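Structure file final.pdb with PDB, C-alpha atoms, pLDDT in the B column:
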ATOM      1  CA  MET U   1     -11.667   1.163  22.582  1.00 86.00           C
ATOM      2  CA  ILE U   2     -11.999  -0.271  19.070  1.00 91.00           C
ATOM      3  CA  LYS U   3      -8.894   0.066  16.897  1.00 94.00           C
ATOM      4  CA  LYS U   4      -7.909  -0.848  13.342  1.00 96.00           C
ATOM      5  CA  ASP U   5      -4.451  -1.747  12.086  1.00 97.00           C
ATOM      6  CA  ARG U   6      -2.404  -3.945   9.753  1.00 96.00           C
ATOM      7  CA  ALA U   7      -0.711  -6.952  11.294  1.00 97.00           C
ATOM      8  CA  VAL U   8       1.471  -9.983  10.716  1.00 96.00           C
ATOM      9  CA  CYS U   9       1.001 -12.965  13.010  1.00 95.00           C
ATOM     10  CA  LEU U  10       4.196 -14.025  14.802  1.00 96.00           C
ATOM     11  CA  ARG U  11       2.885 -16.853  16.976  1.00 95.00           C
ATOM     12  CA  THR U  12      -0.319 -18.661  17.934  1.00 95.00           C
ATOM     13  CA  VAL U  13      -1.334 -20.740  20.951  1.00 95.00           C
ATOM     14  CA  ASP U  14      -4.565 -22.710  21.209  1.00 93.00           C
ATOM     15  CA  TYR U  15      -6.773 -21.247  23.941  1.00 92.00           C
ATOM     16  CA  SER U  16      -9.662 -23.681  23.605  1.00 91.00           C
ATOM     17  CA  GLU U  17     -11.167 -25.965  20.995  1.00 90.00           C
ATOM     18  CA  THR U  18     -12.396 -22.952  19.064  1.00 92.00           C
ATOM     19  CA  SER U  19     -10.198 -19.999  20.134  1.00 94.00           C
ATOM     20  CA  GLN U  20      -6.571 -18.890  19.942  1.00 95.00           C
ATOM     21  CA  VAL U  21      -4.226 -16.467  21.647  1.00 96.00           C
ATOM     22  CA  VAL U  22      -2.172 -14.734  18.972  1.00 96.00           C
ATOM     23  CA  THR U  23       0.937 -12.562  19.032  1.00 97.00           C
ATOM     24  CA  LEU U  24       0.782  -9.977  16.282  1.00 97.00           C
ATOM     25  CA  PHE U  25       3.217  -7.371  15.047  1.00 98.00           C
ATOM     26  CA  THR U  26       1.235  -4.362  13.922  1.00 98.00           C
ATOM     27  CA  SER U  27       2.010  -1.248  11.926  1.00 97.00           C
ATOM     28  CA  ARG U  28       0.753   1.285  14.474  1.00 96.00           C
ATOM     29  CA  ALA U  29       0.780  -0.433  17.847  1.00 96.00           C
ATOM     30  CA  GLY U  30       3.838  -2.677  17.635  1.00 96.00           C
ATOM     31  CA  LYS U  31       3.656  -6.072  19.306  1.00 97.00           C
ATOM     32  CA  LEU U  32       0.156  -7.027  20.387  1.00 95.00           C
ATOM     33  CA  SER U  33      -1.163 -10.108  22.187  1.00 95.00           C
ATOM     34  CA  ALA U  34      -4.850 -10.818  21.673  1.00 95.00           C
ATOM     35  CA  ILE U  35      -7.450 -13.509  22.074  1.00 95.00           C
ATOM     36  CA  ALA U  36      -9.268 -14.514  18.914  1.00 95.00           C
ATOM     37  CA  LYS U  37     -12.510 -16.069  20.100  1.00 93.00           C
ATOM     38  CA  GLY U  38     -13.985 -18.592  17.708  1.00 92.00           C
ATOM     39  CA  SER U  39     -11.126 -18.275  15.225  1.00 91.00           C
ATOM     40  CA  LYS U  40     -10.971 -22.044  14.705  1.00 89.00           C
ATOM     41  CA  ARG U  41     -14.629 -22.344  13.820  1.00 86.00           C
ATOM     42  CA  THR U  42     -15.585 -22.952  10.197  1.00 76.00           C
ATOM     43  CA  ARG U  43     -17.440 -19.666  10.067  1.00 80.00           C
ATOM     44  CA  SER U  44     -15.737 -16.784  11.849  1.00 80.00           C
ATOM     45  CA  ALA U  45     -14.621 -13.201  11.328  1.00 80.00           C
ATOM     46  CA  PHE U  46     -11.006 -14.316  10.825  1.00 85.00           C
ATOM     47  CA  ASP U  47     -11.114 -16.056   7.421  1.00 78.00           C
ATOM     48  CA  GLY U  48     -10.237 -19.344   9.106  1.00 80.00           C
ATOM     49  CA  PRO U  49      -7.747 -20.318  11.833  1.00 87.00           C
ATOM     50  CA  ILE U  50      -4.935 -17.812  12.315  1.00 91.00           C
ATOM     51  CA  GLU U  51      -1.459 -19.132  11.528  1.00 90.00           C
ATOM     52  CA  PRO U  52       2.054 -17.664  11.763  1.00 91.00           C
ATOM     53  CA  PHE U  53       2.767 -15.182   8.938  1.00 92.00           C
ATOM     54  CA  CYS U  54      -0.900 -14.513   8.264  1.00 91.00           C
ATOM     55  CA  PHE U  55      -1.101 -10.877   7.194  1.00 93.00           C
ATOM     56  CA  GLY U  56      -3.964  -8.451   6.811  1.00 93.00           C
ATOM     57  CA  ASP U  57      -6.221  -5.812   8.295  1.00 95.00           C
ATOM     58  CA  ILE U  58      -7.365  -6.310  11.876  1.00 95.00           C
ATOM     59  CA  VAL U  59      -9.954  -4.842  14.223  1.00 96.00           C
ATOM     60  CA  TYR U  60      -9.404  -5.243  17.957  1.00 95.00           C
ATOM     61  CA  SER U  61     -10.351  -3.797  21.315  1.00 94.00           C
ATOM     62  CA  THR U  62      -7.790  -3.140  24.008  1.00 87.00           C
ATOM     63  CA  GLY U  63      -7.995  -4.615  27.482  1.00 70.00           C
ATOM     64  CA  ARG U  64      -7.298  -2.899  30.766  1.00 72.00           C
ATOM     65  CA  GLY U  65      -3.857  -3.186  32.339  1.00 66.00           C
ATOM     66  CA  ASP U  66      -2.103  -6.421  31.387  1.00 66.00           C
ATOM     67  CA  LYS U  67      -5.228  -8.063  29.951  1.00 79.00           C
ATOM     68  CA  LEU U  68      -5.163  -9.434  26.438  1.00 91.00           C
ATOM     69  CA  ALA U  69      -6.678  -7.418  23.651  1.00 94.00           C
ATOM     70  CA  THR U  70      -9.682  -8.955  21.903  1.00 95.00           C
ATOM     71  CA  LEU U  71      -9.316  -9.544  18.185  1.00 95.00           C
ATOM     72  CA  THR U  72     -12.689  -9.155  16.486  1.00 94.00           C
ATOM     73  CA  GLU U  73     -11.741  -9.202  12.791  1.00 93.00           C
ATOM     74  CA  PHE U  74      -8.799 -10.374  10.701  1.00 92.00           C
ATOM     75  CA  GLU U  75      -9.114  -9.917   6.952  1.00 91.00           C
ATOM     76  CA  GLN U  76      -6.301 -12.185   5.874  1.00 87.00           C
ATOM     77  CA  LYS U  77      -4.500 -11.472   2.607  1.00 84.00           C
ATOM     78  CA  LYS U  78      -2.823 -14.193   0.556  1.00 73.00           C
ATOM     79  CA  GLY U  79       0.663 -12.812   0.873  1.00 67.00           C
ATOM     80  CA  PHE U  80       3.085 -15.410   2.183  1.00 73.00           C
ATOM     81  CA  LEU U  81       1.574 -18.788   1.320  1.00 66.00           C
ATOM     82  CA  SER U  82       4.652 -19.651  -0.773  1.00 71.00           C
ATOM     83  CA  LEU U  83       6.778 -19.644   2.414  1.00 81.00           C
ATOM     84  CA  ARG U  84       5.435 -23.106   3.129  1.00 76.00           C
ATOM     85  CA  THR U  85       6.841 -24.477  -0.126  1.00 80.00           C
ATOM     86  CA  SER U  86      10.452 -23.773   0.910  1.00 85.00           C
ATOM     87  CA  LEU U  87      11.742 -25.221   4.167  1.00 88.00           C
ATOM     88  CA  ALA U  88      14.806 -22.932   4.147  1.00 89.00           C
ATOM     89  CA  ALA U  89      12.657 -19.806   3.695  1.00 90.00           C
ATOM     90  CA  PHE U  90      10.163 -20.991   6.316  1.00 91.00           C
ATOM     91  CA  ASN U  91      12.938 -21.585   8.877  1.00 93.00           C
ATOM     92  CA  CYS U  92      14.435 -18.141   8.223  1.00 94.00           C
ATOM     93  CA  ALA U  93      11.010 -16.527   8.621  1.00 94.00           C
ATOM     94  CA  TYR U  94      10.355 -18.384  11.885  1.00 94.00           C
ATOM     95  CA  PHE U  95      13.726 -17.320  13.259  1.00 97.00           C
ATOM     96  CA  ALA U  96      13.098 -13.684  12.319  1.00 97.00           C
ATOM     97  CA  ALA U  97       9.671 -13.849  13.984  1.00 97.00           C
ATOM     98  CA  GLU U  98      11.160 -15.269  17.187  1.00 98.00           C
ATOM     99  CA  LEU U  99      13.738 -12.475  17.339  1.00 98.00           C
ATOM    100  CA  LEU U 100      11.134  -9.818  16.559  1.00 97.00           C
ATOM    101  CA  GLU U 101       8.950 -11.050  19.407  1.00 97.00           C
ATOM    102  CA  ALA U 102      11.896 -11.263  21.816  1.00 97.00           C
ATOM    103  CA  PHE U 103      13.355  -7.822  21.119  1.00 97.00           C
ATOM    104  CA  THR U 104      10.226  -5.676  20.978  1.00 97.00           C
ATOM    105  CA  GLN U 105       8.030  -4.538  23.853  1.00 95.00           C
ATOM    106  CA  PRO U 106       4.212  -4.764  23.908  1.00 93.00           C
ATOM    107  CA  LEU U 107       2.446  -1.758  22.391  1.00 93.00           C
ATOM    108  CA  ASP U 108       5.740  -0.064  21.454  1.00 95.00           C
ATOM    109  CA  PRO U 109       5.288   1.119  17.851  1.00 96.00           C
ATOM    110  CA  HIS U 110       8.015   0.427  15.272  1.00 96.00           C
ATOM    111  CA  ALA U 111       6.474   1.404  11.940  1.00 96.00           C
ATOM    112  CA  GLU U 112       9.736   1.160   9.975  1.00 97.00           C
ATOM    113  CA  LEU U 113      10.531  -2.233  11.499  1.00 97.00           C
ATOM    114  CA  PHE U 114       7.039  -3.440  10.569  1.00 98.00           C
ATOM    115  CA  ASP U 115       7.645  -2.397   6.959  1.00 97.00           C
ATOM    116  CA  ALA U 116      11.079  -4.051   6.992  1.00 97.00           C
ATOM    117  CA  PHE U 117       9.627  -7.330   8.325  1.00 97.00           C
ATOM    118  CA  LEU U 118       6.856  -7.268   5.748  1.00 95.00           C
ATOM    119  CA  GLN U 119       9.358  -6.702   2.940  1.00 95.00           C
ATOM    120  CA  PHE U 120      11.590  -9.453   4.341  1.00 96.00           C
ATOM    121  CA  LEU U 121       8.700 -11.953   4.171  1.00 95.00           C
ATOM    122  CA  ILE U 122       7.885 -10.881   0.612  1.00 92.00           C
ATOM    123  CA  ASP U 123      11.489 -11.176  -0.562  1.00 93.00           C
ATOM    124  CA  ILE U 124      12.363 -14.418   1.175  1.00 93.00           C
ATOM    125  CA  ALA U 125       9.340 -16.261  -0.192  1.00 87.00           C
ATOM    126  CA  GLY U 126      10.990 -16.525  -3.604  1.00 81.00           C
ATOM    127  CA  ALA U 127      14.619 -16.812  -2.507  1.00 88.00           C
ATOM    128  CA  ASP U 128      16.954 -19.805  -2.613  1.00 89.00           C
ATOM    129  CA  SER U 129      18.864 -20.867   0.506  1.00 90.00           C
ATOM    130  CA  ARG U 130      21.837 -18.531  -0.054  1.00 93.00           C
ATOM    131  CA  GLU U 131      19.670 -15.531  -0.908  1.00 94.00           C
ATOM    132  CA  GLY U 132      17.367 -16.293   2.003  1.00 94.00           C
ATOM    133  CA  LEU U 133      20.238 -16.365   4.473  1.00 96.00           C
ATOM    134  CA  GLY U 134      21.501 -13.028   3.134  1.00 97.00           C
ATOM    135  CA  LEU U 135      18.030 -11.504   3.537  1.00 97.00           C
ATOM    136  CA  LEU U 136      17.804 -12.861   7.077  1.00 98.00           C
ATOM    137  CA  ILE U 137      21.173 -11.312   7.979  1.00 98.00           C
ATOM    138  CA  LEU U 138      20.054  -7.932   6.633  1.00 98.00           C
ATOM    139  CA  PHE U 139      16.799  -8.109   8.603  1.00 98.00           C
ATOM    140  CA  GLN U 140      18.641  -9.048  11.794  1.00 98.00           C
ATOM    141  CA  LEU U 141      20.935  -6.041  11.401  1.00 98.00           C
ATOM    142  CA  THR U 142      17.873  -3.827  10.841  1.00 97.00           C
ATOM    143  CA  LEU U 143      16.258  -5.241  13.988  1.00 98.00           C
ATOM    144  CA  LEU U 144      19.389  -4.680  16.077  1.00 97.00           C
ATOM    145  CA  ALA U 145      19.660  -1.099  14.811  1.00 96.00           C
ATOM    146  CA  GLU U 146      15.993  -0.402  15.546  1.00 96.00           C
ATOM    147  CA  VAL U 147      16.201  -1.608  19.154  1.00 93.00           C
ATOM    148  CA  GLY U 148      19.547   0.090  19.791  1.00 93.00           C
ATOM    149  CA  THR U 149      21.855  -2.922  19.996  1.00 92.00           C
ATOM    150  CA  LYS U 150      23.462  -2.946  16.533  1.00 92.00           C
ATOM    151  CA  PRO U 151      27.112  -4.033  16.815  1.00 95.00           C
ATOM    152  CA  LEU U 152      29.923  -1.696  15.807  1.00 97.00           C
ATOM    153  CA  VAL U 153      31.554  -3.147  12.692  1.00 96.00           C
ATOM    154  CA  CYS U 154      33.267  -0.192  10.991  1.00 96.00           C
ATOM    155  CA  GLU U 155      35.976  -0.011  13.662  1.00 97.00           C
ATOM    156  CA  CYS U 156      37.279  -1.852  16.706  1.00 97.00           C
ATOM    157  CA  ALA U 157      34.553  -1.658  19.344  1.00 97.00           C
ATOM    158  CA  ASN U 158      37.213  -1.298  22.059  1.00 97.00           C
ATOM    159  CA  CYS U 159      39.932   1.052  20.770  1.00 97.00           C
ATOM    160  CA  HIS U 160      38.023   2.476  17.765  1.00 97.00           C
ATOM    161  CA  ASN U 161      40.745   1.797  15.226  1.00 96.00           C
ATOM    162  CA  PRO U 162      39.044   1.754  11.783  1.00 97.00           C
ATOM    163  CA  PHE U 163      38.362  -1.732  10.435  1.00 96.00           C
ATOM    164  CA  SER U 164      40.997  -2.955   7.991  1.00 95.00           C
ATOM    165  CA  ASP U 165      41.165  -6.125   5.929  1.00 91.00           C
ATOM    166  CA  LYS U 166      44.866  -6.081   6.839  1.00 93.00           C
ATOM    167  CA  TRP U 167      44.145  -7.051  10.457  1.00 95.00           C
ATOM    168  CA  ARG U 168      45.978 -10.330  11.024  1.00 93.00           C
ATOM    169  CA  GLU U 169      43.059 -11.645  13.114  1.00 94.00           C
ATOM    170  CA  ILE U 170      39.471 -10.437  13.399  1.00 97.00           C
ATOM    171  CA  HIS U 171      37.115 -11.320  16.225  1.00 97.00           C
ATOM    172  CA  PHE U 172      33.542 -10.457  17.102  1.00 97.00           C
ATOM    173  CA  SER U 173      32.663  -9.937  20.765  1.00 97.00           C
ATOM    174  CA  SER U 174      29.109  -9.661  22.044  1.00 96.00           C
ATOM    175  CA  SER U 175      30.139  -7.977  25.300  1.00 95.00           C
ATOM    176  CA  ALA U 176      32.024  -5.369  23.266  1.00 96.00           C
ATOM    177  CA  SER U 177      29.128  -5.318  20.783  1.00 96.00           C
ATOM    178  CA  GLY U 178      31.260  -5.356  17.688  1.00 97.00           C
ATOM    179  CA  LEU U 179      34.486  -6.251  15.918  1.00 97.00           C
ATOM    180  CA  ILE U 180      37.699  -6.496  17.924  1.00 97.00           C
ATOM    181  CA  CYS U 181      41.087  -5.734  16.399  1.00 96.00           C
ATOM    182  CA  PRO U 182      44.187  -7.916  16.980  1.00 96.00           C
ATOM    183  CA  ASP U 183      45.562  -5.504  19.611  1.00 96.00           C
ATOM    184  CA  CYS U 184      42.408  -5.758  21.743  1.00 96.00           C
ATOM    185  CA  GLU U 185      41.233  -9.333  21.291  1.00 93.00           C
ATOM    186  CA  GLN U 186      43.051 -10.663  24.370  1.00 94.00           C
ATOM    187  CA  THR U 187      40.941  -8.324  26.525  1.00 93.00           C
ATOM    188  CA  PHE U 188      37.749 -10.246  25.686  1.00 95.00           C
ATOM    189  CA  ASN U 189      37.091 -13.855  26.590  1.00 93.00           C
ATOM    190  CA  ASP U 190      33.735 -13.950  24.843  1.00 93.00           C
ATOM    191  CA  LYS U 191      34.581 -13.760  21.167  1.00 95.00           C
ATOM    192  CA  ILE U 192      34.209 -15.580  17.901  1.00 95.00           C
ATOM    193  CA  ARG U 193      36.763 -15.437  15.100  1.00 96.00           C
ATOM    194  CA  LEU U 194      35.748 -14.134  11.669  1.00 97.00           C
ATOM    195  CA  THR U 195      37.391 -14.379   8.291  1.00 97.00           C
ATOM    196  CA  THR U 196      38.258 -11.184   6.465  1.00 96.00           C
ATOM    197  CA  LYS U 197      35.409 -11.795   3.985  1.00 97.00           C
ATOM    198  CA  ALA U 198      32.810 -12.100   6.756  1.00 97.00           C
ATOM    199  CA  ALA U 199      34.040  -9.008   8.589  1.00 97.00           C
ATOM    200  CA  ALA U 200      34.141  -7.023   5.338  1.00 96.00           C
ATOM    201  CA  ALA U 201      30.549  -7.995   4.517  1.00 97.00           C
ATOM    202  CA  LEU U 202      29.406  -6.910   7.982  1.00 96.00           C
ATOM    203  CA  ASN U 203      31.241  -3.631   7.463  1.00 94.00           C
ATOM    204  CA  ASP U 204      29.689  -3.105   4.014  1.00 96.00           C
ATOM    205  CA  ILE U 205      26.230  -4.716   3.781  1.00 95.00           C
ATOM    206  CA  ASN U 206      26.253  -4.247   0.005  1.00 96.00           C
ATOM    207  CA  LEU U 207      28.617  -7.232  -0.080  1.00 97.00           C
ATOM    208  CA  ILE U 208      26.089  -9.531   1.601  1.00 97.00           C
ATOM    209  CA  GLY U 209      24.000  -9.918  -1.553  1.00 93.00           C
ATOM    210  CA  THR U 210      26.915 -11.446  -3.487  1.00 95.00           C
ATOM    211  CA  ALA U 211      28.715 -13.212  -0.636  1.00 97.00           C
ATOM    212  CA  GLU U 212      29.344 -16.950  -0.785  1.00 96.00           C
ATOM    213  CA  GLU U 213      27.058 -19.155   1.287  1.00 95.00           C
ATOM    214  CA  LYS U 214      30.048 -20.175   3.420  1.00 96.00           C
ATOM    215  CA  THR U 215      30.637 -16.518   4.334  1.00 97.00           C
ATOM    216  CA  LEU U 216      26.937 -15.969   5.076  1.00 97.00           C
ATOM    217  CA  ASN U 217      26.893 -19.007   7.353  1.00 96.00           C
ATOM    218  CA  GLU U 218      29.873 -17.588   9.214  1.00 97.00           C
ATOM    219  CA  ILE U 219      28.143 -14.228   9.693  1.00 97.00           C
ATOM    220  CA  GLU U 220      24.918 -15.917  10.804  1.00 97.00           C
ATOM    221  CA  LYS U 221      26.832 -18.014  13.322  1.00 97.00           C
ATOM    222  CA  ALA U 222      28.269 -14.810  14.815  1.00 97.00           C
ATOM    223  CA  LEU U 223      24.838 -13.177  14.924  1.00 97.00           C
ATOM    224  CA  ILE U 224      23.266 -16.206  16.612  1.00 97.00           C
ATOM    225  CA  TYR U 225      26.024 -16.045  19.213  1.00 97.00           C
ATOM    226  CA  HIS U 226      25.291 -12.319  19.685  1.00 97.00           C
ATOM    227  CA  PHE U 227      21.533 -12.873  20.042  1.00 97.00           C
ATOM    228  CA  THR U 228      22.189 -15.734  22.480  1.00 97.00           C
ATOM    229  CA  GLU U 229      24.262 -13.437  24.677  1.00 96.00           C
ATOM    230  CA  LEU U 230      21.664 -10.654  24.513  1.00 96.00           C
ATOM    231  CA  MET U 231      18.755 -13.001  25.298  1.00 96.00           C
ATOM    232  CA  HIS U 232      20.707 -15.061  27.887  1.00 96.00           C
ATOM    233  CA  ARG U 233      19.522 -18.152  26.035  1.00 97.00           C
ATOM    234  CA  ARG U 234      19.908 -19.590  22.559  1.00 97.00           C
ATOM    235  CA  PRO U 235      16.978 -18.758  20.261  1.00 97.00           C
ATOM    236  CA  LYS U 236      14.813 -21.856  19.954  1.00 96.00           C
ATOM    237  CA  THR U 237      14.635 -21.834  16.161  1.00 95.00           C
ATOM    238  CA  ALA U 238      18.383 -21.241  15.635  1.00 96.00           C
ATOM    239  CA  LYS U 239      18.933 -25.008  15.388  1.00 94.00           C
ATOM    240  CA  PHE U 240      17.059 -25.079  12.074  1.00 91.00           C
ATOM    241  CA  LEU U 241      19.292 -22.540  10.323  1.00 88.00           C
ATOM    242  CA  LEU U 242      22.891 -23.736  10.032  1.00 78.00           C
TER     243      LEU U 242
END

Would you put the structure from the file into structure tokens?
Amino acid sequence: MIKKDRAVCLRTVDYSETSQVVTLFTSRAGKLSAIAKGSKRTRSAFDGPIEPFCFGDIVYSTGRGDKLATLTEFEQKKGFLSLRTSLAAFNCAYFAAELLEAFTQPLDPHAELFDAFLQFLIDIAGADSREGLGLLILFQLTLLAEVGTKPLVCECANCHNPFSDKWREIHFSSSASGLICPDCEQTFNDKIRLTTKAAAALNDINLIGTAEEKTLNEIEKALIYHFTELMHRRPKTAKFLL
């Protein structure tokens, strides 16, 4: 069956001298793995070799069972070329793409998440390192919410006491999936301590846009720890962030 969609490329692997296997995140179908035959040839229906963060309209045919789809057209738009001029933005985009691939299932549509990822790539292309990290944090929280694993940050995830900046100590626990108040922190061995500023910004995302880079780094460290626990391995591109 021939289908049309919009897609962003998350990852590519060379299949042969002239072809690639690509992982795409699409507007209607969600994550899609496809073979792009002849994509590396000078003349092809793909506007040149497909690279991560290529974006545009695609035409593909689905395979049977677990077989790869076949990508027949990719009309690439010049949307995110400026990502390659900023190493910080490029690293943030790569990390977001790795998480998006890890936490979504094949052919499971997430139209709102697709729009959020597209907007993230647009916004981060012109951002400095602090702004880019803030945008990455916001996208990660959107991703966690979309897949049902967003941590509880408005109250203690164990006893449900409302979050207060008067807590003498604040911890984040992945097993509890949220903030832990001082009365409960001894119950959890897996935890990472947060400053009041970092916890407050997690509790009110409007504060992330104006937070100091030190605070954003602290939040990102906690999120990387959370993703590591959820994935049972550290994300490969996390080493390029902090």

Item to complete: Have a look at CA of Arg168 in chain U and CA of Ile208 in chain U and let me know their distance in Å, one decimal.
Response: 22.0 Å

Worksheet item: Quick one: of U:Val153, U:Leu207, U:Ala7, U:Leu230, who's nearest to Leu99 in chain U, counting all atoms listed in the file?
Response: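 Of U:Val153, U:Leu207, U:Ala7, U:Leu230, the one nearest Leu99 in chain U, counting all atoms listed in the file, is U:Leu230.
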
Worksheet, complete the sentence: Counting only C-alpha atoms, closest pick from U:Glu75, U:Leu138, U:Ser175, U:Lys67 relative to Thr228 in chain U is U:Ser175

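We find CA of Arg233 in chain U and CA of Ala102 in chain U to be spaced 11.1 Å apart.
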
Worksheet entry | Among the residues U:Ile58, U:Leu194, U:Leu135, U:Ile205, the one that comes closest to Ala96 in chain U [using only C-alpha atoms] |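 Smallest distance to Ala96 in chain U is found for U:Leu135.
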
What would range 214-228 of chain U look like with N, CA and C atoms restored, written as a JSON list (two decimals), in the frame of the given file?
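File selection.json, as written:
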[["chain", "number", "residue", "atom", "x", "y", "z"],
["U", 214, "LYS", "N", 29.15, -19.89, 2.30],
["U", 214, "LYS", "CA", 30.05, -20.18, 3.42],
["U", 214, "LYS", "C", 30.26, -18.93, 4.27],
["U", 215, "THR", "N", 30.44, -17.79, 3.62],
["U", 215, "THR", "CA", 30.64, -16.52, 4.33],
["U", 215, "THR", "C", 29.37, -16.12, 5.08],
["U", 216, "LEU", "N", 28.21, -16.31, 4.43],
["U", 216, "LEU", "CA", 26.94, -15.97, 5.08],
["U", 216, "LEU", "C", 26.69, -16.84, 6.30],
["U", 217, "ASN", "N", 27.03, -18.11, 6.20],
["U", 217, "ASN", "CA", 26.89, -19.01, 7.35],
["U", 217, "ASN", "C", 27.78, -18.55, 8.51],
["U", 218, "GLU", "N", 28.95, -18.08, 8.19],
["U", 218, "GLU", "CA", 29.87, -17.59, 9.21],
["U", 218, "GLU", "C", 29.30, -16.35, 9.91],
["U", 219, "ILE", "N", 28.74, -15.43, 9.12],
["U", 219, "ILE", "CA", 28.14, -14.23, 9.69],
["U", 219, "ILE", "C", 26.94, -14.60, 10.55],
["U", 220, "GLU", "N", 26.11, -15.52, 10.06],
["U", 220, "GLU", "CA", 24.92, -15.92, 10.80],
["U", 220, "GLU", "C", 25.30, -16.59, 12.12],
["U", 221, "LYS", "N", 26.36, -17.38, 12.10],
["U", 221, "LYS", "CA", 26.83, -18.01, 13.32],
["U", 221, "LYS", "C", 27.21, -16.95, 14.36],
["U", 222, "ALA", "N", 27.89, -15.89, 13.90],
["U", 222, "ALA", "CA", 28.27, -14.81, 14.82],
["U", 222, "ALA", "C", 27.04, -14.07, 15.34],
["U", 223, "LEU", "N", 26.05, -13.87, 14.49],
["U", 223, "LEU", "CA", 24.84, -13.18, 14.92],
["U", 223, "LEU", "C", 24.03, -14.02, 15.91],
["U", 224, "ILE", "N", 23.96, -15.33, 15.67],
["U", 224, "ILE", "CA", 23.27, -16.21, 16.61],
["U", 224, "ILE", "C", 23.95, -16.16, 17.98],
["U", 225, "TYR", "N", 25.27, -16.18, 17.96],
["U", 225, "TYR", "CA", 26.02, -16.05, 19.21],
["U", 225, "TYR", "C", 25.69, -14.72, 19.90],
["U", 226, "HIS", "N", 25.60, -13.63, 19.12],
["U", 226, "HIS", "CA", 25.29, -12.32, 19.68],
["U", 226, "HIS", "C", 23.88, -12.30, 20.27],
["U", 227, "PHE", "N", 22.91, -12.83, 19.54],
["U", 227, "PHE", "CA", 21.53, -12.87, 20.04],
["U", 227, "PHE", "C", 21.43, -13.76, 21.29],
["U", 228, "THR", "N", 22.20, -14.84, 21.31],
["U", 228, "THR", "CA", 22.19, -15.73, 22.48],
["U", 228, "THR", "C", 22.68, -14.99, 23.72]]
